[in-house]
Each structure stands twice: as structure tokens, then as C-alpha cells.
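Next comes start_5.cif, a file with mmCIF, C-alpha atoms.
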data_entry
#
loop_
_atom_site.group_PDB
_atom_site.id
_atom_site.type_symbol
_atom_site.label_atom_id
_atom_site.label_comp_id
_atom_site.auth_asym_id
_atom_site.auth_seq_id
_atom_site.Cartn_x
_atom_site.Cartn_y
_atom_site.Cartn_z
ATOM 1 C CA MET A 1 51.720 28.044 -0.384
ATOM 2 C CA LEU A 2 49.039 26.742 -2.742
ATOM 3 C CA SER A 3 48.781 28.014 -6.295
ATOM 4 C CA PRO A 4 45.855 30.425 -6.733
ATOM 5 C CA PHE A 5 44.068 28.097 -9.162
ATOM 6 C CA VAL A 6 44.133 25.290 -6.596
ATOM 7 C CA SER A 7 42.627 27.513 -3.919
ATOM 8 C CA ASP A 8 40.057 28.872 -6.392
ATOM 9 C CA ALA A 9 38.968 25.399 -7.538
ATOM 10 C CA VAL A 10 38.516 24.177 -3.959
ATOM 11 C CA ARG A 11 36.612 27.343 -3.011
ATOM 12 C CA VAL A 12 34.284 26.954 -6.025
ATOM 13 C CA SER A 13 33.729 23.273 -5.239
ATOM 14 C CA PHE A 14 33.064 23.799 -1.507
ATOM 15 C CA PRO A 15 31.657 27.331 -1.199
ATOM 16 C CA GLN A 16 30.289 26.708 2.295
ATOM 17 C CA ARG A 17 33.609 25.380 3.675
ATOM 18 C CA PRO A 18 36.324 28.024 3.238
ATOM 19 C CA ASP A 19 38.871 26.510 5.614
ATOM 20 C CA LEU A 20 39.335 23.002 4.250
ATOM 21 C CA ALA A 21 42.784 21.444 4.619
ATOM 22 C CA VAL A 22 44.555 21.085 1.266
ATOM 23 C CA THR A 23 47.874 19.240 1.013
ATOM 24 C CA PRO A 24 49.996 18.091 -1.959
ATOM 25 C CA ALA A 25 49.525 14.385 -2.778
ATOM 26 C CA GLY A 26 52.059 13.816 -5.556
ATOM 27 C CA GLU A 27 52.217 14.339 -9.295
ATOM 28 C CA GLY A 28 52.601 12.426 -12.529
ATOM 29 C CA ASP A 29 53.155 13.188 -16.200
ATOM 30 C CA TYR A 30 49.713 14.714 -16.602
ATOM 31 C CA CYS A 31 48.599 16.145 -13.270
ATOM 32 C CA ARG A 32 49.407 17.409 -9.803
ATOM 33 C CA ALA A 33 47.324 15.867 -7.034
ATOM 34 C CA PHE A 34 46.051 17.415 -3.810
ATOM 35 C CA LEU A 35 44.259 15.862 -0.859
ATOM 36 C CA VAL A 36 41.313 17.993 0.253
ATOM 37 C CA ASP A 37 39.746 17.600 3.705
ATOM 38 C CA HIS A 38 41.414 14.167 4.014
ATOM 39 C CA THR A 39 38.570 12.913 1.791
ATOM 40 C CA TRP A 40 38.904 14.176 -1.753
ATOM 41 C CA ILE A 41 41.607 13.868 -4.393
ATOM 42 C CA PHE A 42 41.793 16.847 -6.757
ATOM 43 C CA LEU A 43 43.855 16.513 -9.933
ATOM 44 C CA PHE A 44 45.085 19.643 -11.731
ATOM 45 C CA ALA A 45 46.327 19.483 -15.317
ATOM 46 C CA LYS A 46 49.953 20.357 -15.977
ATOM 47 C CA HIS A 47 49.315 21.356 -19.612
ATOM 48 C CA PRO A 48 46.427 21.752 -22.107
ATOM 49 C CA PHE A 49 46.642 18.125 -23.265
ATOM 50 C CA ALA A 50 46.176 16.972 -19.669
ATOM 51 C CA SER A 51 43.152 19.257 -19.316
ATOM 52 C CA ALA A 52 41.553 17.452 -22.269
ATOM 53 C CA CYS A 53 42.395 14.097 -20.669
ATOM 54 C CA LEU A 54 40.686 15.131 -17.424
ATOM 55 C CA GLU A 55 37.601 16.197 -19.362
ATOM 56 C CA ARG A 56 37.457 12.690 -20.847
ATOM 57 C CA VAL A 57 37.816 11.156 -17.395
ATOM 58 C CA ALA A 58 34.902 13.264 -16.140
ATOM 59 C CA ARG A 59 32.726 12.068 -19.034
ATOM 60 C CA VAL A 60 33.701 8.377 -19.254
ATOM 61 C CA LEU A 61 34.184 7.252 -15.659
ATOM 62 C CA PRO A 62 30.601 7.706 -14.379
ATOM 63 C CA PRO A 63 29.091 5.202 -16.850
ATOM 64 C CA LEU A 64 32.149 2.943 -16.622
ATOM 65 C CA ALA A 65 31.856 2.794 -12.832
ATOM 66 C CA GLU A 66 28.390 1.243 -13.058
ATOM 67 C CA GLY A 67 28.832 -2.462 -12.380
ATOM 68 C CA SER A 68 32.634 -2.295 -12.210
ATOM 69 C CA PRO A 69 34.088 -5.205 -10.172
ATOM 70 C CA LEU A 70 36.618 -2.772 -8.683
ATOM 71 C CA PRO A 71 35.991 0.830 -7.624
ATOM 72 C CA VAL A 72 37.234 3.532 -9.988
ATOM 73 C CA PRO A 73 37.518 7.285 -9.386
ATOM 74 C CA VAL A 74 34.364 9.147 -10.424
ATOM 75 C CA ALA A 75 34.681 12.921 -10.707
ATOM 76 C CA GLU A 76 32.119 14.724 -8.574
ATOM 77 C CA TYR A 77 33.758 18.063 -9.251
ATOM 78 C CA HIS A 78 35.373 19.245 -12.453
ATOM 79 C CA GLY A 79 36.014 22.435 -14.301
ATOM 80 C CA SER A 80 38.739 24.875 -15.259
ATOM 81 C CA VAL A 81 40.411 27.748 -13.398
ATOM 82 C CA ALA A 82 42.621 30.154 -15.340
ATOM 83 C CA GLY A 83 42.771 27.609 -18.156
ATOM 84 C CA VAL A 84 43.853 24.767 -15.877
ATOM 85 C CA GLY A 85 41.491 21.772 -15.976
ATOM 86 C CA TYR A 86 40.754 19.861 -12.785
ATOM 87 C CA ILE A 87 38.637 17.049 -11.384
ATOM 88 C CA GLY A 88 37.818 16.083 -7.814
ATOM 89 C CA TYR A 89 36.788 12.618 -6.632
ATOM 90 C CA ARG A 90 36.459 10.787 -3.342
ATOM 91 C CA ARG A 91 39.734 9.264 -2.219
ATOM 92 C CA LEU A 92 39.686 5.519 -2.814
ATOM 93 C CA PRO A 93 41.049 3.219 -0.100
ATOM 94 C CA GLY A 94 44.192 1.173 -0.369
ATOM 95 C CA ASP A 95 47.943 1.293 -0.920
ATOM 96 C CA GLU A 96 49.839 1.004 -4.187
ATOM 97 C CA LEU A 97 50.517 -2.640 -5.039
ATOM 98 C CA THR A 98 54.232 -2.284 -5.752
ATOM 99 C CA ALA A 99 56.257 -5.175 -7.159
ATOM 100 C CA GLU A 100 57.724 -5.736 -3.685
ATOM 101 C CA ARG A 101 54.284 -5.899 -2.080
ATOM 102 C CA PHE A 102 53.066 -8.202 -4.837
ATOM 103 C CA ALA A 103 56.000 -10.544 -4.164
ATOM 104 C CA ALA A 104 54.901 -10.766 -0.514
ATOM 105 C CA LEU A 105 51.370 -11.951 -1.380
ATOM 106 C CA THR A 106 50.484 -15.589 -0.780
ATOM 107 C CA PRO A 107 49.639 -17.818 -3.764
ATOM 108 C CA GLY A 108 45.978 -17.674 -2.754
ATOM 109 C CA GLN A 109 46.052 -13.872 -2.631
ATOM 110 C CA ARG A 110 47.692 -13.734 -6.064
ATOM 111 C CA ASN A 111 45.020 -16.028 -7.485
ATOM 112 C CA ALA A 112 42.275 -13.824 -6.036
ATOM 113 C CA LEU A 113 44.031 -10.737 -7.417
ATOM 114 C CA ALA A 114 44.223 -12.298 -10.885
ATOM 115 C CA GLU A 115 40.524 -13.177 -10.808
ATOM 116 C CA MET A 116 39.482 -9.669 -9.782
ATOM 117 C CA LEU A 117 41.754 -7.939 -12.290
ATOM 118 C CA GLY A 118 40.511 -10.268 -15.018
ATOM 119 C CA ALA A 119 36.925 -9.334 -14.157
ATOM 120 C CA PHE A 120 37.855 -5.647 -14.112
ATOM 121 C CA PHE A 121 39.420 -5.816 -17.580
ATOM 122 C CA ARG A 122 36.454 -7.791 -18.892
ATOM 123 C CA HIS A 123 34.127 -5.029 -17.685
ATOM 124 C CA LEU A 124 36.352 -2.230 -19.001
ATOM 125 C CA HIS A 125 36.798 -3.795 -22.436
ATOM 126 C CA ALA A 126 33.054 -4.385 -22.774
ATOM 127 C CA PHE A 127 32.522 -0.605 -22.828
ATOM 128 C CA ALA A 128 31.460 0.160 -26.394
ATOM 129 C CA PRO A 129 34.395 1.700 -28.335
ATOM 130 C CA ALA A 130 31.980 3.855 -30.344
ATOM 131 C CA ARG A 131 30.622 5.281 -27.112
ATOM 132 C CA ALA A 132 34.148 5.919 -25.855
ATOM 133 C CA THR A 133 35.130 7.786 -29.011
ATOM 134 C CA SER A 134 31.906 9.793 -28.884
ATOM 135 C CA LEU A 135 33.016 10.906 -25.410
ATOM 136 C CA GLY A 136 36.350 12.070 -26.802
ATOM 137 C CA VAL A 137 38.613 9.056 -26.261
ATOM 138 C CA PRO A 138 41.222 8.863 -29.069
ATOM 139 C CA VAL A 139 42.036 5.748 -31.105
ATOM 140 C CA SER A 140 45.468 4.291 -31.856
ATOM 141 C CA GLU A 141 46.914 0.814 -32.318
ATOM 142 C CA TYR A 142 50.383 2.097 -31.439
ATOM 143 C CA PRO A 143 50.797 1.162 -27.758
ATOM 144 C CA PHE A 144 52.651 4.321 -26.697
ATOM 145 C CA ALA A 145 50.636 6.929 -28.583
ATOM 146 C CA MET A 146 49.691 8.721 -25.344
ATOM 147 C CA GLN A 147 52.790 10.763 -24.578
ATOM 148 C CA ASP A 148 53.433 13.076 -21.633
ATOM 149 C CA ASP A 149 51.847 16.064 -23.352
ATOM 150 C CA ALA A 150 50.471 14.957 -26.726
ATOM 151 C CA LEU A 151 48.914 12.126 -28.723
ATOM 152 C CA LEU A 152 51.234 10.807 -31.412
ATOM 153 C CA PRO A 153 49.412 10.862 -34.766
ATOM 154 C CA GLY A 154 49.802 8.316 -37.516
ATOM 155 C CA PRO A 155 49.415 4.582 -38.180
ATOM 156 C CA ALA A 156 51.028 2.181 -35.734
ATOM 157 C CA LYS A 157 53.357 0.723 -38.377
ATOM 158 C CA GLU A 158 54.816 4.154 -39.135
ATOM 159 C CA LEU A 159 55.289 4.985 -35.459
ATOM 160 C CA TYR A 160 57.068 1.684 -34.785
ATOM 161 C CA ARG A 161 59.377 2.345 -37.767
ATOM 162 C CA ARG A 162 60.064 5.842 -36.491
ATOM 163 C CA ASP A 163 61.122 4.439 -33.102
ATOM 164 C CA LEU A 164 63.545 2.100 -34.794
ATOM 165 C CA GLU A 165 64.985 4.845 -37.006
ATOM 166 C CA THR A 166 65.433 7.111 -33.977
ATOM 167 C CA PHE A 167 67.261 4.384 -32.099
ATOM 168 C CA ALA A 168 69.499 3.646 -35.094
ATOM 169 C CA THR A 169 70.675 7.282 -35.147
ATOM 170 C CA TRP A 170 71.741 7.195 -31.480
ATOM 171 C CA PRO A 171 75.563 7.064 -31.413
ATOM 172 C CA GLY A 172 75.471 4.372 -28.739
ATOM 173 C CA ALA A 173 73.218 2.033 -30.697
ATOM 174 C CA GLU A 174 74.727 -1.371 -31.437
ATOM 175 C CA ALA A 175 74.289 -2.370 -35.086
ATOM 176 C CA ALA A 176 73.466 -5.982 -34.210
ATOM 177 C CA LEU A 177 70.760 -4.809 -31.825
ATOM 178 C CA VAL A 178 69.222 -2.545 -34.464
ATOM 179 C CA GLY A 179 69.032 -5.557 -36.783
ATOM 180 C CA GLY A 180 67.499 -7.720 -34.066
ATOM 181 C CA LEU A 181 64.840 -5.110 -33.299
ATOM 182 C CA GLU A 182 64.041 -4.766 -36.976
ATOM 183 C CA ARG A 183 63.486 -8.523 -37.295
ATOM 184 C CA ALA A 184 61.367 -8.516 -34.132
ATOM 185 C CA LEU A 185 59.242 -5.667 -35.493
ATOM 186 C CA ASP A 186 58.777 -7.343 -38.871
ATOM 187 C CA GLY A 187 57.657 -10.504 -37.095
ATOM 188 C CA TYR A 188 55.240 -8.606 -34.875
ATOM 189 C CA LEU A 189 53.685 -6.698 -37.778
ATOM 190 C CA ARG A 190 53.055 -9.997 -39.573
ATOM 191 C CA PHE A 191 51.562 -11.375 -36.372
ATOM 192 C CA ALA A 192 49.358 -8.289 -35.878
ATOM 193 C CA ARG A 193 47.978 -8.592 -39.410
ATOM 194 C CA ALA A 194 47.145 -12.257 -38.856
ATOM 195 C CA TRP A 195 45.638 -11.780 -35.374
ATOM 196 C CA SER A 196 43.693 -8.576 -34.985
ATOM 197 C CA PRO A 197 41.047 -8.690 -32.237
ATOM 198 C CA PRO A 198 38.509 -5.847 -32.052
ATOM 199 C CA LEU A 199 39.780 -2.630 -30.517
ATOM 200 C CA VAL A 200 38.564 -1.827 -26.999
ATOM 201 C CA LEU A 201 38.587 0.982 -24.459
ATOM 202 C CA LEU A 202 41.917 0.754 -22.619
ATOM 203 C CA HIS A 203 42.891 2.101 -19.232
ATOM 204 C CA ASN A 204 46.371 2.100 -20.791
ATOM 205 C CA GLU A 205 48.352 2.380 -17.535
ATOM 206 C CA VAL A 206 47.339 -0.441 -15.202
ATOM 207 C CA SER A 207 50.684 -0.452 -13.431
ATOM 208 C CA ALA A 208 51.876 -1.099 -9.893
ATOM 209 C CA ASP A 209 51.163 2.495 -8.837
ATOM 210 C CA HIS A 210 47.617 2.444 -10.223
ATOM 211 C CA VAL A 211 46.403 -0.801 -8.616
ATOM 212 C CA LEU A 212 45.420 -0.240 -4.972
ATOM 213 C CA TYR A 213 45.099 -3.070 -2.465
ATOM 214 C CA ASP A 214 44.201 -3.693 1.174
ATOM 215 C CA PRO A 215 47.421 -4.665 3.025
ATOM 216 C CA SER A 216 45.428 -6.501 5.692
ATOM 217 C CA THR A 217 43.824 -8.906 3.195
ATOM 218 C CA GLY A 218 45.961 -8.651 0.059
ATOM 219 C CA ARG A 219 42.813 -7.993 -1.988
ATOM 220 C CA PRO A 220 42.677 -5.249 -4.641
ATOM 221 C CA SER A 221 40.592 -2.267 -3.566
ATOM 222 C CA ALA A 222 40.563 0.043 -6.619
ATOM 223 C CA VAL A 223 42.081 0.940 -9.973
ATOM 224 C CA ILE A 224 42.971 4.615 -10.385
ATOM 225 C CA ASP A 225 44.409 7.117 -12.902
ATOM 226 C CA PHE A 226 42.481 6.787 -16.139
ATOM 227 C CA ASN A 227 44.090 9.913 -17.606
ATOM 228 C CA GLY A 228 45.728 7.990 -20.454
ATOM 229 C CA MET A 229 42.586 6.244 -21.739
ATOM 230 C CA ILE A 230 42.626 5.279 -25.401
ATOM 231 C CA VAL A 231 40.893 2.833 -27.747
ATOM 232 C CA GLY A 232 43.400 0.243 -28.928
ATOM 233 C CA ARG A 233 44.425 -3.409 -29.103
ATOM 234 C CA PRO A 234 43.260 -5.231 -25.946
ATOM 235 C CA ALA A 235 46.559 -6.937 -25.040
ATOM 236 C CA ARG A 236 48.063 -3.487 -24.399
ATOM 237 C CA ASP A 237 46.192 -3.215 -21.084
ATOM 238 C CA PHE A 238 48.120 -6.175 -19.648
ATOM 239 C CA LEU A 239 51.584 -4.806 -20.516
ATOM 240 C CA TYR A 240 52.574 -3.373 -17.141
ATOM 241 C CA LEU A 241 51.240 -6.392 -15.251
ATOM 242 C CA TYR A 242 53.453 -8.503 -17.532
ATOM 243 C CA GLY A 243 56.495 -6.306 -16.885
ATOM 244 C CA GLU A 244 56.029 -5.578 -13.165
ATOM 245 C CA TYR A 245 54.393 -8.740 -11.789
ATOM 246 C CA GLY A 246 55.748 -11.202 -14.354
ATOM 247 C CA PRO A 247 54.525 -13.169 -17.398
ATOM 248 C CA ASP A 248 53.088 -15.989 -15.277
ATOM 249 C CA PHE A 249 50.811 -13.612 -13.398
ATOM 250 C CA ALA A 250 49.806 -11.861 -16.637
ATOM 251 C CA ALA A 251 48.830 -15.281 -17.984
ATOM 252 C CA GLU A 252 46.651 -15.877 -14.893
ATOM 253 C CA VAL A 253 44.890 -12.546 -15.412
ATOM 254 C CA LEU A 254 44.358 -13.332 -19.096
ATOM 255 C CA ARG A 255 42.781 -16.672 -18.221
ATOM 256 C CA ALA A 256 40.436 -14.948 -15.764
ATOM 257 C CA TYR A 257 39.716 -12.263 -18.359
ATOM 258 C CA GLY A 258 38.631 -14.866 -20.889
ATOM 259 C CA ARG A 259 38.220 -12.580 -23.916
ATOM 260 C CA LEU A 260 41.544 -13.347 -25.634
ATOM 261 C CA PRO A 261 43.372 -16.587 -26.433
ATOM 262 C CA PRO A 262 46.205 -16.543 -23.864
ATOM 263 C CA GLY A 263 48.821 -17.845 -26.300
ATOM 264 C CA GLU A 264 48.349 -15.060 -28.827
ATOM 265 C CA ALA A 265 47.971 -12.420 -26.116
ATOM 266 C CA LEU A 266 51.211 -13.484 -24.403
ATOM 267 C CA GLU A 267 53.047 -13.485 -27.729
ATOM 268 C CA GLU A 268 51.908 -9.910 -28.297
ATOM 269 C CA LEU A 269 52.863 -8.955 -24.743
ATOM 270 C CA ARG A 270 56.355 -10.348 -25.215
ATOM 271 C CA PHE A 271 56.860 -7.972 -28.136
ATOM 272 C CA LEU A 272 55.177 -5.017 -26.408
ATOM 273 C CA HIS A 273 57.423 -5.512 -23.370
ATOM 274 C CA LEU A 274 60.474 -5.437 -25.670
ATOM 275 C CA TRP A 275 59.248 -2.275 -27.365
ATOM 276 C CA HIS A 276 58.416 -0.654 -24.050
ATOM 277 C CA VAL A 277 62.048 -1.040 -23.025
ATOM 278 C CA LEU A 278 63.025 0.589 -26.322
ATOM 279 C CA ALA A 279 60.585 3.450 -25.688
ATOM 280 C CA ARG A 280 62.126 3.993 -22.244
ATOM 281 C CA LEU A 281 65.592 3.982 -23.802
ATOM 282 C CA LEU A 282 64.565 6.620 -26.362
ATOM 283 C CA TRP A 283 63.160 8.750 -23.536
ATOM 284 C CA ALA A 284 66.430 8.418 -21.609
ATOM 285 C CA VAL A 285 68.430 9.455 -24.678
ATOM 286 C CA GLU A 286 66.146 12.433 -25.328
ATOM 287 C CA HIS A 287 66.557 13.650 -21.742
ATOM 288 C CA GLY A 288 70.306 13.086 -21.538
ATOM 289 C CA TYR A 289 70.376 10.033 -19.252
ATOM 290 C CA ALA A 290 73.236 8.270 -21.033
ATOM 291 C CA ALA A 291 73.969 5.682 -18.323
ATOM 292 C CA ARG A 292 70.294 4.754 -18.100
ATOM 293 C CA ALA A 293 70.127 4.385 -21.881
ATOM 294 C CA GLU A 294 73.155 2.072 -21.885
ATOM 295 C CA TRP A 295 71.582 -0.084 -19.161
ATOM 296 C CA LEU A 296 68.313 -0.313 -21.105
ATOM 297 C CA GLN A 297 70.231 -1.309 -24.233
ATOM 298 C CA GLY A 298 71.579 -4.222 -22.220
ATOM 299 C CA GLN A 299 68.011 -5.142 -21.300
ATOM 300 C CA LEU A 300 67.067 -5.152 -24.978
ATOM 301 C CA ASP A 301 69.980 -7.467 -25.736
ATOM 302 C CA THR A 302 68.797 -9.852 -23.028
ATOM 303 C CA LEU A 303 65.174 -9.853 -24.201
ATOM 304 C CA LEU A 304 66.145 -10.502 -27.813
ATOM 305 C CA ALA A 305 68.474 -13.320 -26.758
ATOM 306 C CA GLU A 306 65.657 -14.901 -24.728
ATOM 307 C CA SER A 307 63.333 -14.653 -27.726
ATOM 308 C CA ALA A 308 65.908 -16.372 -29.922
ATOM 309 C CA LEU A 309 66.273 -19.211 -27.404
ATOM 310 C CA ASP A 310 62.489 -19.616 -27.353
ATOM 311 C CA GLY A 311 62.362 -19.695 -31.136
ATOM 312 C CA VAL A 312 60.483 -16.387 -31.414
ATOM 313 C CA SER A 313 61.492 -14.162 -34.328
#

With the file now loaded, output its structure as C-alpha cells.
Amino acid sequence: MLSPFVSDAVRVSFPQRPDLAVTPAGEGDYCRAFLVDHTWIFLFAKHPFASACLERVARVLPPLAEGSPLPVPVAEYHGSVAGVGYIGYRRLPGDELTAERFAALTPGQRNALAEMLGAFFRHLHAFAPARATSLGVPVSEYPFAMQDDALLPGPAKELYRRDLETFATWPGAEAALVGGLERALDGYLRFARAWSPPLVLLHNEVSADHVLYDPSTGRPSAVIDFNGMIVGRPARDFLYLYGEYGPDFAAEVLRAYGRLPPGEALEELRFLHLWHVLARLLWAVEHGYAARAEWLQGQLDTLLAESALDGVS
């Protein structure tokens, strides 16, 4: 049985069509999704922070969609029912481009994918940051400021240090690993001071479940889920491509993108990937997933060892 606010939002949006089919279509950290009339995706906020995120999506996506190389979801319906924010947009075609599906693409299909994603990021990052902030998009240089239900306040340097201090207090933390992460962070902060490209509007979650593709051609068909938009350092938008499709593919996308020197961007991505693993470990510890946290600590050990072999400090 549908929640009353779902039924109310659909009734308000389609007053002349009272018997539309509405079925659950999944959920994420921010929203629950429903498929309406086999045509529309309606997202309903799971908490007040998500309602604010959906309001931003409703304001930013229409101008961003103009001239976008890849389709993006544009809200044609939005509002609030009983304090729950929602948006409704036409369902975009395609399947999620999982890591397994990416691995099955031909080299030519991967090249075409890199070119189209590079063009998409170029268009997205050309959106004026001042305009984005005027539409309510927050600003942070800390790559994981957008949490499940809040925006972490404070300068990036302080938030990175807080992560490290939190990890160091975990009983399972290895002292040598804490020291290695501290050296990696010190090196990154020096790097970030020396190379600081202008901040841009970020999608912030271009991951395997947010890139849609046509299985019959291998071509990307859309980018979805802009709920975590933020203004930040541009390399951040390539993080999940780096982690899920591999550094070589991320480098191809960066070359097609053409707005950042690939060497510096890949160096930043190497660190962000390391810190993303740490962020996942801290989440696992917070939620009591001890075995998962231990496994992620092993991943951190491996990444730091690889950095040492490559001469990266």
C-alpha cells in the first residue's frame, strides 16, 4: 500500500488521471523512487535535508539541461506533501552501467563513452558557480561534505583531520596505517595549496548506478541523480569513475574533458580514492560492520603500499 503522501502528490500532479499505476522503483540515501504510469519517476525525500536537495534539483536542472551532451532529469512536477518534498520527471532510457557491464564493452565503445562523459563534464563544469550558489547549491572543498542527511560544515583541512582522528580512535586501527594516512594527507594538502583550479558545479555522484547506457549499442543514454550537487574542486567529479571503471578510463575521460591537466587531476584522484576508502571504513565502524571495516583497512594498506612503490608520498 502506498504512503498517503505518495498518493497525494500523484493526485495533485495528475488531477485528471486518478487511476495511474504507481510502483516502487528503489531508494537511496536521500529519496524513495516510484514509477508512475510507466513514464514518470517521482522521488520523495526521506528527511528534511533531502527535501532541500530536491528543491535545488528542481531549480538547477532546467537550465543545466539546455545544451547538455547527455540527457539529465528535469523536474516537471515538484512540491511538498505533509512536509515531504518531491519531484517528478520523465523516466530516462537506459540501464545502469555497472562495472561488470563496463567490462563487457568493446574498446571502441569505451572510447565513445569516455568522449561523451568528457563532454558532459565539460558542460556541467561550465555552469557558473555563482549562479549555482544563487540557486541554493552549497560550497565545500571537502569531497565528502554531502552526507546522508546533512552537509558537513567547516574547512576541508579540518574535516580531513577529523577523519584521521576518528580513525585513530578506532580500536582496530593499525598504528602504522594511521601514520601512513597522516603522511598522505600532509602531502595532499601541500599539493592542493600548490594546485587549486577554480571551483565548479559538481554532480558529485557520477557512479556506476547513475550512468545509464543503451545495452544494444554500448552508448551512454543519460546521467541521473543530481541530489548531491555541490560546488567544489573539479577532480572530485571523476572519483567514482576512477574507482569503479579504473584509473585508465578516468584518464581517458579527463583527456576528453580537456579542462584539467591529466597528471595533476590523476594525482588528486589517487588521494581522493584512498580517502574514499577511509570514509567507507568510518561508516562501517559507525554502523557496527566490524568485518567490513577490517576488510577496508586491508584495502587502505594496499593503496598506501602502491603509492610508496610509485614514489607518491

Which of these, A:Asp19, A:Asp248, A:Glu66, A:Glu205, has the shortest distance to Met229 (chain A) once you count only C-alpha atoms? A:Glu205

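Using only C-alpha atoms, the nearest neighbour of Leu151 (chain A) within the list A:Pro48, A:Pro4, A:Gly85, A:Gly179 is A:Pro48.
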
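Here, the PyMOL selection byres ((chain A and resi 266-277) around 7) matches Tyr188, Ala235, Leu239, Gly243, Pro262, Gly263, Glu264, Ala265, Leu278, Ala279, Arg280, Leu281, Leu296, Leu300 and Leu303 of chain A.
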
Would you write out, as a ChimeraX atom specification, every residue that the PyMOL selection byres ((chain A and resi 249) around 12) captures in this file? /A:99,102-103,107,109-115,117-118,238-248,250-256,262,266

The PyMOL selection byres ((chain A and resi 78) around 8) resolved against shown file, as a ChimeraX atom specification: /A:55,58,75-77,79-80,85-88
